[in-house]
Amino acid sequence: MDYDFKKNTLDGSYHAVFSMGHEALGRWLVEEIGKDFDKMDTVMSQLGALKNSTQEWRIIGDELTLSLQDNEAVVQANYLFSEDDTELEDNLDFYDEEAVAVCGFEDFAQVLTAWRAFVTRF
């Protein structure tokens, strides 16, 4: 998984660009975490507590939800939890791929640590 963090010096906004299949992680960092160090600490604590466990822990954000279970971190757009079974047009299916990202706890912890260092420095 490749990623790059950037800060727009004109408006102060942050951007996290992730490789294909992991785009939702970048959205989650920017939209749900930002510079909230308390939330970062909570997630890191849960990663340690749930390592090698079958228990699940979730943090539901405005647009995205993080689920930790079975040594995997899953970021998923909240609209995917909708009970609405309306089918999208065929050419819109690929957007679902950008709405879900899965990675192991170790990789996720590295990303979160790198994000924290980035927003602290900038």
# chains A, B, ... in the order shown; residues from 1 in each chain; ligands from 1
$ residues_around --residues "stretch 21-33 of chain A" --least-positions-apart "3" --cutoff "9 Å" --atoms "only C-alpha atoms" --output "PyMOL selection string"
chain A and resi 1-3+5+13-18+36-37+39-40+60-66+74-77+97-103+108+111-112+115
$ write_last_selection --atoms "N, CA, C and O atoms" --output "CSV table (one decimal), in the first residue's frame"
chain,number,residue,atom,x,y,z
A,1,MET,N,0.9,-1.2,0.0
A,1,MET,CA,0.0,0.0,0.0
A,1,MET,C,0.9,1.2,0.0
A,1,MET,O,1.7,1.4,0.9
A,2,ASP,N,0.7,2.1,-1.0
A,2,ASP,CA,1.5,3.3,-1.1
A,2,ASP,C,0.6,4.5,-0.8
A,2,ASP,O,-0.6,4.5,-1.0
A,3,TYR,N,1.2,5.5,-0.1
A,3,TYR,CA,0.4,6.7,0.2
A,3,TYR,C,1.3,7.9,0.3
A,3,TYR,O,2.6,7.7,0.4
A,5,PHE,N,1.1,12.1,1.9
A,5,PHE,CA,0.4,13.1,2.6
A,5,PHE,C,0.8,14.5,2.1
A,5,PHE,O,2.0,14.7,1.8
A,13,SER,N,-5.6,23.0,4.2
A,13,SER,CA,-6.2,21.7,4.1
A,13,SER,C,-5.2,20.5,3.9
A,13,SER,O,-4.1,20.7,3.4
A,14,TYR,N,-5.6,19.4,4.5
A,14,TYR,CA,-4.7,18.2,4.3
A,14,TYR,C,-5.3,17.3,3.3
A,14,TYR,O,-6.5,17.2,3.1
A,15,HIS,N,-4.4,16.5,2.7
A,15,HIS,CA,-4.8,15.5,1.7
A,15,HIS,C,-4.0,14.2,1.9
A,15,HIS,O,-2.8,14.3,2.2
A,16,ALA,N,-4.6,13.1,1.8
A,16,ALA,CA,-4.0,11.8,1.9
A,16,ALA,C,-4.3,11.0,0.6
A,16,ALA,O,-5.5,10.7,0.4
A,17,VAL,N,-3.3,10.7,-0.2
A,17,VAL,CA,-3.5,10.0,-1.4
A,17,VAL,C,-3.0,8.6,-1.3
A,17,VAL,O,-1.8,8.4,-0.9
A,18,PHE,N,-3.8,7.6,-1.5
A,18,PHE,CA,-3.5,6.2,-1.3
A,18,PHE,C,-3.6,5.5,-2.6
A,18,PHE,O,-4.3,5.9,-3.5
A,36,ASP,N,-7.3,15.3,15.2
A,36,ASP,CA,-7.9,14.9,16.4
A,36,ASP,C,-7.0,13.9,17.1
A,36,ASP,O,-7.1,12.7,16.9
A,37,PHE,N,-6.0,14.3,17.9
A,37,PHE,CA,-5.1,13.4,18.5
A,37,PHE,C,-5.7,12.5,19.5
A,37,PHE,O,-5.3,11.4,19.7
A,39,LYS,N,-8.7,11.1,19.2
A,39,LYS,CA,-9.3,10.0,18.4
A,39,LYS,C,-8.2,9.1,17.9
A,39,LYS,O,-8.3,7.9,17.9
A,40,MET,N,-7.0,9.6,17.5
A,40,MET,CA,-5.9,8.8,17.1
A,40,MET,C,-5.4,7.9,18.2
A,40,MET,O,-5.2,6.7,18.0
A,60,ILE,N,-17.9,5.1,14.3
A,60,ILE,CA,-18.7,5.6,13.2
A,60,ILE,C,-18.5,7.1,13.0
A,60,ILE,O,-18.8,7.9,14.0
A,61,GLY,N,-18.1,7.5,11.8
A,61,GLY,CA,-17.9,8.9,11.6
A,61,GLY,C,-19.1,9.5,10.8
A,61,GLY,O,-20.1,8.8,10.5
A,62,ASP,N,-18.9,10.7,10.3
A,62,ASP,CA,-20.0,11.4,9.6
A,62,ASP,C,-20.1,10.7,8.2
A,62,ASP,O,-21.3,10.5,7.7
A,63,GLU,N,-19.0,10.3,7.6
A,63,GLU,CA,-19.1,9.7,6.2
A,63,GLU,C,-18.6,8.3,6.1
A,63,GLU,O,-19.0,7.6,5.3
A,64,LEU,N,-17.6,8.0,7.0
A,64,LEU,CA,-16.9,6.7,7.0
A,64,LEU,C,-16.9,6.0,8.3
A,64,LEU,O,-16.8,6.7,9.4
A,65,THR,N,-16.9,4.7,8.3
A,65,THR,CA,-16.8,3.9,9.6
A,65,THR,C,-15.5,3.1,9.6
A,65,THR,O,-15.2,2.5,8.5
A,66,LEU,N,-14.8,3.1,10.7
A,66,LEU,CA,-13.7,2.2,10.9
A,66,LEU,C,-14.1,1.0,11.7
A,66,LEU,O,-14.7,1.2,12.8
A,74,VAL,N,-10.9,-2.1,8.6
A,74,VAL,CA,-11.8,-1.9,7.5
A,74,VAL,C,-12.4,-0.5,7.6
A,74,VAL,O,-13.1,-0.2,8.5
A,75,VAL,N,-12.2,0.3,6.5
A,75,VAL,CA,-12.8,1.6,6.4
A,75,VAL,C,-13.8,1.5,5.3
A,75,VAL,O,-13.6,1.0,4.2
A,76,GLN,N,-15.1,1.9,5.7
A,76,GLN,CA,-16.2,1.7,4.8
A,76,GLN,C,-17.1,2.9,4.8
A,76,GLN,O,-17.4,3.5,5.9
A,77,ALA,N,-17.5,3.4,3.6
A,77,ALA,CA,-18.4,4.5,3.5
A,77,ALA,C,-19.7,4.1,4.2
A,77,ALA,O,-20.2,3.0,4.0
A,97,GLU,N,-15.6,0.5,-5.0
A,97,GLU,CA,-14.2,0.1,-4.7
A,97,GLU,C,-13.4,1.2,-4.0
A,97,GLU,O,-12.5,1.0,-3.2
A,98,GLU,N,-13.8,2.5,-4.2
A,98,GLU,CA,-13.2,3.6,-3.5
A,98,GLU,C,-13.8,3.9,-2.2
A,98,GLU,O,-13.4,4.7,-1.4
A,99,ALA,N,-14.9,3.1,-1.9
A,99,ALA,CA,-15.6,3.4,-0.6
A,99,ALA,C,-15.2,2.4,0.5
A,99,ALA,O,-15.7,2.5,1.6
A,100,VAL,N,-14.4,1.4,0.2
A,100,VAL,CA,-14.0,0.4,1.1
A,100,VAL,C,-12.5,0.1,1.0
A,100,VAL,O,-11.9,0.1,-0.1
A,101,ALA,N,-11.8,0.0,2.1
A,101,ALA,CA,-10.4,-0.3,2.2
A,101,ALA,C,-10.2,-1.2,3.3
A,101,ALA,O,-10.7,-1.1,4.4
A,102,VAL,N,-9.3,-2.2,3.1
A,102,VAL,CA,-9.0,-3.2,4.2
A,102,VAL,C,-7.5,-3.4,4.2
A,102,VAL,O,-6.8,-3.4,3.2
A,103,CYS,N,-6.9,-3.4,5.5
A,103,CYS,CA,-5.5,-3.7,5.7
A,103,CYS,C,-5.3,-4.3,7.0
A,103,CYS,O,-6.2,-4.2,7.9
A,108,PHE,N,-2.0,-0.6,9.2
A,108,PHE,CA,-2.9,0.5,9.7
A,108,PHE,C,-2.2,1.3,10.7
A,108,PHE,O,-2.3,2.5,10.7
A,111,VAL,N,0.3,3.6,9.1
A,111,VAL,CA,-0.3,4.7,8.5
A,111,VAL,C,-0.8,5.7,9.5
A,111,VAL,O,-0.5,6.9,9.3
A,112,LEU,N,-1.4,5.3,10.5
A,112,LEU,CA,-1.9,6.2,11.5
A,112,LEU,C,-0.7,7.0,12.2
A,112,LEU,O,-0.8,8.2,12.5
A,115,TRP,N,0.6,9.5,9.7
A,115,TRP,CA,-0.4,10.6,9.6
A,115,TRP,C,-0.2,11.6,10.8
A,115,TRP,O,-0.2,12.8,10.7
$ select_by_dssp --residues "chain A" --states "strand (DSSP E or B)" --output "JSON, numbers by chain"
{"A": [3, 4, 5, 6, 7, 14, 15, 16, 17, 18, 57, 58, 59, 60, 64, 65, 66, 67, 68, 69, 72, 73, 74, 75, 76, 77, 100, 101, 102, 103, 104]}
$ residues_around --residues "stretch 44-55 of chain A" --least-positions-apart "3" --cutoff "12 Å" --atoms "only C-alpha atoms" --output "ChimeraX atom specification"
/A:37-41,58-59,66-73,104-113,116
